[in-house]
Every structure is written in structure tokens, then in C-alpha cells.
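Source file: entry17.txt (compact mmCIF, C-alpha atoms)
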```txt
# COMPACT_ATOMS: atom_id res chain seq x y z
CA MET A 1 46.05 -22.76 -3.08
CA ALA A 2 46.17 -19.79 -0.74
CA VAL A 3 49.51 -18.09 -0.22
CA ARG A 4 49.56 -18.92 3.49
CA GLN A 5 49.03 -22.63 2.71
CA VAL A 6 51.97 -22.60 0.29
CA ASP A 7 54.08 -20.69 2.80
CA ALA A 8 53.22 -23.28 5.46
CA ARG A 9 54.44 -26.06 3.17
CA ILE A 10 57.64 -24.14 2.47
CA GLU A 11 58.24 -23.64 6.19
CA LEU A 12 57.69 -27.37 6.61
CA VAL A 13 60.68 -28.26 4.42
CA ALA A 14 62.85 -25.28 5.32
CA ASP A 15 62.76 -25.91 9.05
CA VAL A 16 64.75 -29.15 9.27
CA PRO A 17 66.96 -28.96 12.35
CA ALA A 18 70.58 -30.00 12.14
CA ASP A 19 70.74 -30.75 15.86
CA ALA A 20 69.30 -34.25 15.78
CA ALA A 21 71.42 -37.21 16.79
CA SER A 22 71.57 -38.49 13.21
CA PRO A 23 70.57 -37.55 9.67
CA ASP A 24 67.90 -40.25 9.85
CA GLU A 25 66.25 -38.49 12.78
CA ASN A 26 66.14 -35.21 10.83
CA LEU A 27 64.76 -36.94 7.77
CA ASN A 28 62.18 -38.89 9.78
CA ARG A 29 60.79 -35.71 11.32
CA LEU A 30 60.66 -34.02 7.93
CA ALA A 31 59.17 -37.08 6.21
CA ARG A 32 56.37 -37.54 8.72
CA ARG A 33 55.37 -33.87 8.56
CA PHE A 34 55.59 -33.93 4.77
CA VAL A 35 53.46 -37.06 4.38
CA GLY A 36 50.90 -35.82 6.90
CA THR A 37 50.55 -32.46 5.20
CA LEU A 38 50.38 -33.60 1.60
CA THR A 39 47.89 -36.42 2.21
CA GLN A 40 45.30 -34.22 3.89
CA PRO A 41 41.91 -34.68 2.21
CA ARG A 42 41.61 -31.01 1.22
CA VAL A 43 45.04 -30.99 -0.43
CA LEU A 44 44.22 -34.19 -2.32
CA GLN A 45 40.85 -32.79 -3.44
CA LEU A 46 42.50 -29.66 -4.80
CA ARG A 47 45.17 -31.73 -6.53
CA ARG A 48 42.50 -33.91 -8.15
CA LEU A 49 40.54 -30.86 -9.30
CA ILE A 50 43.59 -29.17 -10.81
CA THR A 51 44.80 -32.36 -12.50
CA ALA A 52 41.40 -33.18 -13.96
CA ASN A 53 41.07 -29.70 -15.45
CA ALA A 54 44.70 -29.02 -16.42
CA GLU A 55 44.16 -29.32 -20.15
CA ALA A 56 41.05 -27.12 -20.26
CA PHE A 57 42.28 -24.64 -17.65
CA PRO A 58 46.11 -24.69 -17.62
CA GLU A 59 46.54 -21.45 -15.66
CA PRO A 60 45.47 -22.83 -12.24
CA GLY A 61 47.64 -25.91 -12.78
CA THR A 62 50.62 -23.81 -13.77
CA ALA A 63 50.15 -21.62 -10.70
CA TRP A 64 49.77 -24.72 -8.48
CA TYR A 65 53.00 -26.11 -9.85
CA THR A 66 55.17 -22.99 -9.93
CA GLN A 67 53.94 -21.25 -6.79
CA GLY A 68 53.46 -24.38 -4.73
CA PHE A 69 55.14 -27.57 -5.84
CA GLU A 70 58.19 -25.98 -7.47
CA ARG A 71 58.78 -23.55 -4.58
CA VAL A 72 58.59 -26.40 -2.07
CA LEU A 73 61.09 -28.46 -4.08
CA LYS A 74 63.51 -25.53 -4.39
CA THR A 75 63.26 -24.91 -0.65
CA LEU A 76 63.77 -28.59 0.07
CA ALA A 77 66.84 -28.54 -2.22
CA ALA A 78 68.24 -25.57 -0.27
CA THR A 79 67.58 -27.45 2.97
CA PHE A 80 69.39 -30.52 1.64
CA ALA A 81 72.30 -28.31 0.55
CA ARG A 82 72.47 -26.83 4.07
CA LEU A 83 72.46 -30.30 5.61
CA ALA A 84 75.17 -31.35 3.14
CA ASP A 85 77.27 -28.33 4.15
CA GLN A 86 76.93 -29.53 7.74
CA ARG A 87 77.96 -33.01 6.58
CA LEU A 88 74.63 -34.56 7.58
CA LEU A 89 73.78 -35.58 4.01
CA ARG A 90 75.87 -36.44 0.98
CA VAL A 91 74.15 -34.47 -1.77
CA ASP A 92 76.05 -33.31 -4.84
CA HIS A 93 72.87 -32.29 -6.66
CA PRO A 94 70.25 -31.05 -4.17
CA LEU A 95 67.40 -30.41 -6.63
CA PRO A 96 67.19 -34.00 -7.95
CA ALA A 97 67.44 -35.19 -4.33
CA ALA A 98 64.54 -32.86 -3.49
CA HIS A 99 62.49 -34.52 -6.23
CA HIS A 100 63.41 -38.03 -5.09
CA PHE A 101 62.58 -37.56 -1.41
CA PRO A 102 58.84 -36.79 -1.74
CA GLY A 103 58.57 -39.45 -4.43
CA LEU A 104 59.75 -42.07 -1.97
CA LEU A 105 57.33 -40.81 0.65
CA LEU A 106 54.21 -40.06 -1.33
CA TRP A 107 54.06 -42.52 -4.21
CA ILE A 108 51.79 -45.01 -2.44
CA PRO A 109 49.47 -42.81 -0.35
CA VAL A 110 48.92 -40.11 -2.97
CA ASN A 111 48.41 -42.50 -5.88
CA LYS A 112 46.03 -44.58 -3.79
CA ALA A 113 44.06 -41.51 -2.77
CA MET A 114 44.03 -40.07 -6.28
CA SER A 115 42.76 -43.36 -7.71
CA THR A 116 40.22 -44.26 -5.05
CA GLY A 117 38.78 -40.84 -4.30
CA SER A 118 39.71 -40.73 -0.64
CA PRO A 119 42.88 -40.92 1.42
CA GLN A 120 41.99 -44.29 3.06
CA HIS A 121 45.08 -44.27 5.25
CA THR A 122 45.66 -44.39 8.96
CA GLU A 123 48.21 -42.53 11.04
CA ALA A 124 50.12 -45.83 11.23
CA ASP A 125 50.14 -45.99 7.42
CA LEU A 126 51.55 -42.48 7.24
CA ASP A 127 54.20 -43.34 9.83
CA ASN A 128 55.14 -46.42 7.82
CA TRP A 129 55.36 -44.61 4.47
CA ALA A 130 57.49 -41.88 6.01
CA ALA A 131 59.80 -44.38 7.71
CA THR A 132 60.26 -46.60 4.66
CA GLY A 133 60.94 -43.59 2.43
CA VAL A 134 63.55 -42.33 4.85
CA ARG A 135 65.19 -45.78 5.00
CA ALA A 136 65.50 -45.81 1.19
CA PHE A 137 66.77 -42.22 0.81
CA PRO A 138 70.17 -42.65 2.53
CA ALA A 139 71.19 -45.32 0.05
CA ALA A 140 71.84 -42.45 -2.35
CA TYR A 141 72.26 -39.42 -0.10
CA CYS A 142 73.72 -40.23 3.31
```
If you took the structure in this file and wrote it as C-alpha cells, what would it be?
Amino acid sequence: MAVRQVDARIELVADVPADAASPDENLNRLARRFVGTLTQPRVLQLRRLITANAEAFPEPGTAWYTQGFERVLKTLAATFARLADQRLLRVDHPLPAAHHFPGLLLWIPVNKAMSTGSPQHTEADLDNWAATGVRAFPAAYC
């Protein structure tokens, strides 16, 4: 993945405003952008390619994980810590929360796309997955 693509994903999770009327509004904006970005066909194709070849060619997979996935999660954890400092989230351990959040959002659309070979989702599907993930997240963190 190109550096600017990774940086764009990091900006996506770092730029969560604390000025929304409620934590849910902040999380909904983040969730929808996150789902939309990570279910793009090109991102899914690259993920499939790296996953399929991880055993034979571990270096690209390691780079994908450490320079992309791991950096995004660390940035998301820092964002959650900032929101917790502003009392918009209740997060004692931001890094596990950063792992849970995308899991709630992406489990269905990414697994479906990875298994079927194409995203096969509509904008309404993405809206729904983002909204339902956000509704589940506050049970532990708000």
C-alpha cells in the first residue's frame, strides 16, 4: 500500500471531532468513513492478494500489517484516549477498544467480500453496518 494511502487512513481515524452533540455522533461519522474506506474494491483486492500469499511472501504482509493496520489501530487508540480525556468515551484501555471498533464495523462486509470475491454491498448496507457497530460499541465504552 502506498504511503499516502496509509496516511489517508490514519488521518481518517485521527480526525474525529469532539464538537459533536454526542459521542454517538462522533462515532457514527468515524464509522461511516471507516467502513466506506476499508470496503473499497481496491483495498479488498490488495488485502486478498496479501493474505493469499502471506506464507510464501511474508514481507509484504508484515509491511501491510505494521505500516498500515497497526498504525491505524494505534492512531485510533490515541483518538479514543483523547475522547476519553474529554469525557466523551469511557475507555480505560484504548488499544483493545481500537481493535474492537473496526471489528464491529467490518466483520460482515469484509468477510463477505473476502469470501465472495467482490464487495457486493450498497451504500445503504455500509450505512447500516456503521450504525449497528456504533450502537454496539457504547455498551462497553460510553
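For the pair CA of Ala130 (chain A) and CA of Pro109 (chain A), the interatomic distance is 10.3 Å.
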Counting all atoms listed in the file, the residue of A:Ala54, A:Val110, A:Val72, A:Leu27 that sits nearest Leu126 (chain A): A:Val110
Within 10 Å of Ala97 (chain A) using all atoms listed in the file, minus same-chain residues under 4 positions, as a list in words: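 The contact residues come out as Leu73, Leu76, Ala77, Phe80, Ala81, Val91, Asp92, His93, Phe101, Pro102, Gly103, Phe137, Ala140 and Tyr141 of chain A.
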I need the chosen residues saved as a PDB file, keeping the file's coordinate frame, with C-alpha atoms.
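Okay, part18.pdb is ready:
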```
ATOM      1  CA  LEU A  73      61.090 -28.460  -4.080  1.00  0.00           C
ATOM      2  CA  LEU A  76      63.770 -28.590   0.070  1.00  0.00           C
ATOM      3  CA  ALA A  77      66.840 -28.540  -2.220  1.00  0.00           C
ATOM      4  CA  PHE A  80      69.390 -30.520   1.640  1.00  0.00           C
ATOM      5  CA  ALA A  81      72.300 -28.310   0.550  1.00  0.00           C
ATOM      6  CA  VAL A  91      74.150 -34.470  -1.770  1.00  0.00           C
ATOM      7  CA  ASP A  92      76.050 -33.310  -4.840  1.00  0.00           C
ATOM      8  CA  HIS A  93      72.870 -32.290  -6.660  1.00  0.00           C
ATOM      9  CA  PHE A 101      62.580 -37.560  -1.410  1.00  0.00           C
ATOM     10  CA  PRO A 102      58.840 -36.790  -1.740  1.00  0.00           C
ATOM     11  CA  GLY A 103      58.570 -39.450  -4.430  1.00  0.00           C
ATOM     12  CA  PHE A 137      66.770 -42.220   0.810  1.00  0.00           C
ATOM     13  CA  ALA A 140      71.840 -42.450  -2.350  1.00  0.00           C
ATOM     14  CA  TYR A 141      72.260 -39.420  -0.100  1.00  0.00           C
TER      15      TYR A 141
END
```
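The interatomic distance for the pair CA of Phe57 (chain A) and CA of Glu70 (chain A) works out to 18.9 Å.
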Pick from A:Gln86, A:Asn111, A:Gly117, A:Thr66, whichever lies nearest to Arg42 (chain A) using all atoms listed in the file: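 Closest candidate: A:Gly117.
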Ser118 (chain A) surroundings by only C-alpha atoms, 12 Å radius, close-in-sequence under 3 positions cut, as JSON, numbers by chain: {"A": [39, 40, 41, 42, 43, 44, 45, 48, 109, 110, 111, 112, 113, 114, 115, 121, 122]}
Using C-alpha atoms, can you export the residues from the last selection as a tab-separated table (two decimals), keeping the file's coordinate frame?
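Result file part_20.tsv:
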```tsv
chain	number	residue	atom	x	y	z
A	39	THR	CA	47.89	-36.42	2.21
A	40	GLN	CA	45.30	-34.22	3.89
A	41	PRO	CA	41.91	-34.68	2.21
A	42	ARG	CA	41.61	-31.01	1.22
A	43	VAL	CA	45.04	-30.99	-0.43
A	44	LEU	CA	44.22	-34.19	-2.32
A	45	GLN	CA	40.85	-32.79	-3.44
A	48	ARG	CA	42.50	-33.91	-8.15
A	109	PRO	CA	49.47	-42.81	-0.35
A	110	VAL	CA	48.92	-40.11	-2.97
A	111	ASN	CA	48.41	-42.50	-5.88
A	112	LYS	CA	46.03	-44.58	-3.79
A	113	ALA	CA	44.06	-41.51	-2.77
A	114	MET	CA	44.03	-40.07	-6.28
A	115	SER	CA	42.76	-43.36	-7.71
A	121	HIS	CA	45.08	-44.27	5.25
A	122	THR	CA	45.66	-44.39	8.96
```
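Residue nearest Phe69 (chain A), chosen from A:Leu49, A:Ile108, A:Leu88, A:Leu38 and counting only C-alpha atoms: A:Leu38.
Across the structure, CA of Gly133 (chain A) and CA of Leu104 (chain A) are spaced 4.8 Å apart.
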Selected residue of minimal separation from Leu106 (chain A) among A:Leu30, A:Leu46, A:Val35, A:Ala63, counting all atoms listed in the file: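 Under the stated criterion, the closest residue is A:Val35.
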Option closest in space to Gly36 (chain A), from A:Ala52, A:Pro138, A:Asn128, A:Thr116 [counting all atoms listed in the file]: A:Asn128
From A:Gln120, A:Ala84, A:Asn53, A:Thr79, residue lying nearest Ala98 (chain A) [only C-alpha atoms]: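 That would be A:Thr79, the residue with the smallest distance to Ala98 (chain A).
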